[in-house]
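The next block holds one structure in the form of structure tokens; read it before the comments.
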Amino acid sequence: MRGHLRRAAGLTQAQVGAAVGVGRVQVARWEAGYAEPKGERRRAYGRLLRALSQQHPDAIAPPSGEP
């Protein structure tokens, strides 16, 4: 879902990383589920994801035919 939101907004992993204070590789790890943000980065990333989900609700909806 994280990557779907980012792509729906037309953002790169590097842009998201710059917005929350990490590098592109760290954003890739978060999106892949290999790592989780901690502390202030977690709060900043959460705020960004919430804003993107409000702007792009279709990016988080399940595909048609799924509950």
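In the structure tokens, each chain is lettered A, B, ... as it comes, each chain's residues begin at 1, and ligands are numbered from 1 in order of appearance.
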
Fill in: Near-Ala35 of chain A list (8 Å; only C-alpha atoms; drop same-chain fewer than 5 positions) as a ChimeraX atom specification
/A:26,29-30

Worksheet entry | Shell around Ala8 of chain A at 10 Å using only C-alpha atoms, local window under 5 positions removed, as a count of residues only | 10

Worksheet item: Which of these residues is nearest to Leu49 of chain A, using only C-alpha atoms: A:Ala19, A:Glu31, A:Leu5, A:Pro37?
Response: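 Among the listed residues, the smallest separation from Leu49 of chain A belongs to A:Leu5.
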
Worksheet entry | Separation of atom CA of Lys38 of chain A from atom CA of Ala61 of chain A in Å |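 Between atom CA of Ala61 of chain A and atom CA of Lys38 of chain A the gap works out to 26.1 Å.
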
Practice prompt. For each of A:Met1, A:Arg42, A:Gln54, A:Leu48, take the minimum atom-to-atom distance to Gln15 of chain A, counting only C-alpha atoms, then give the residue where this is smallest.
Written response: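 Using only C-alpha atoms, Gln15 of chain A sits closest to A:Leu48.
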
Worksheet item: If you count only C-alpha atoms, which residues fall within 12 Å of Ala14 of chain A, apart from same-chain ones fewer than 2 positions away, as a ChimeraX atom specification?
Response: /A:6,10-12,16-28
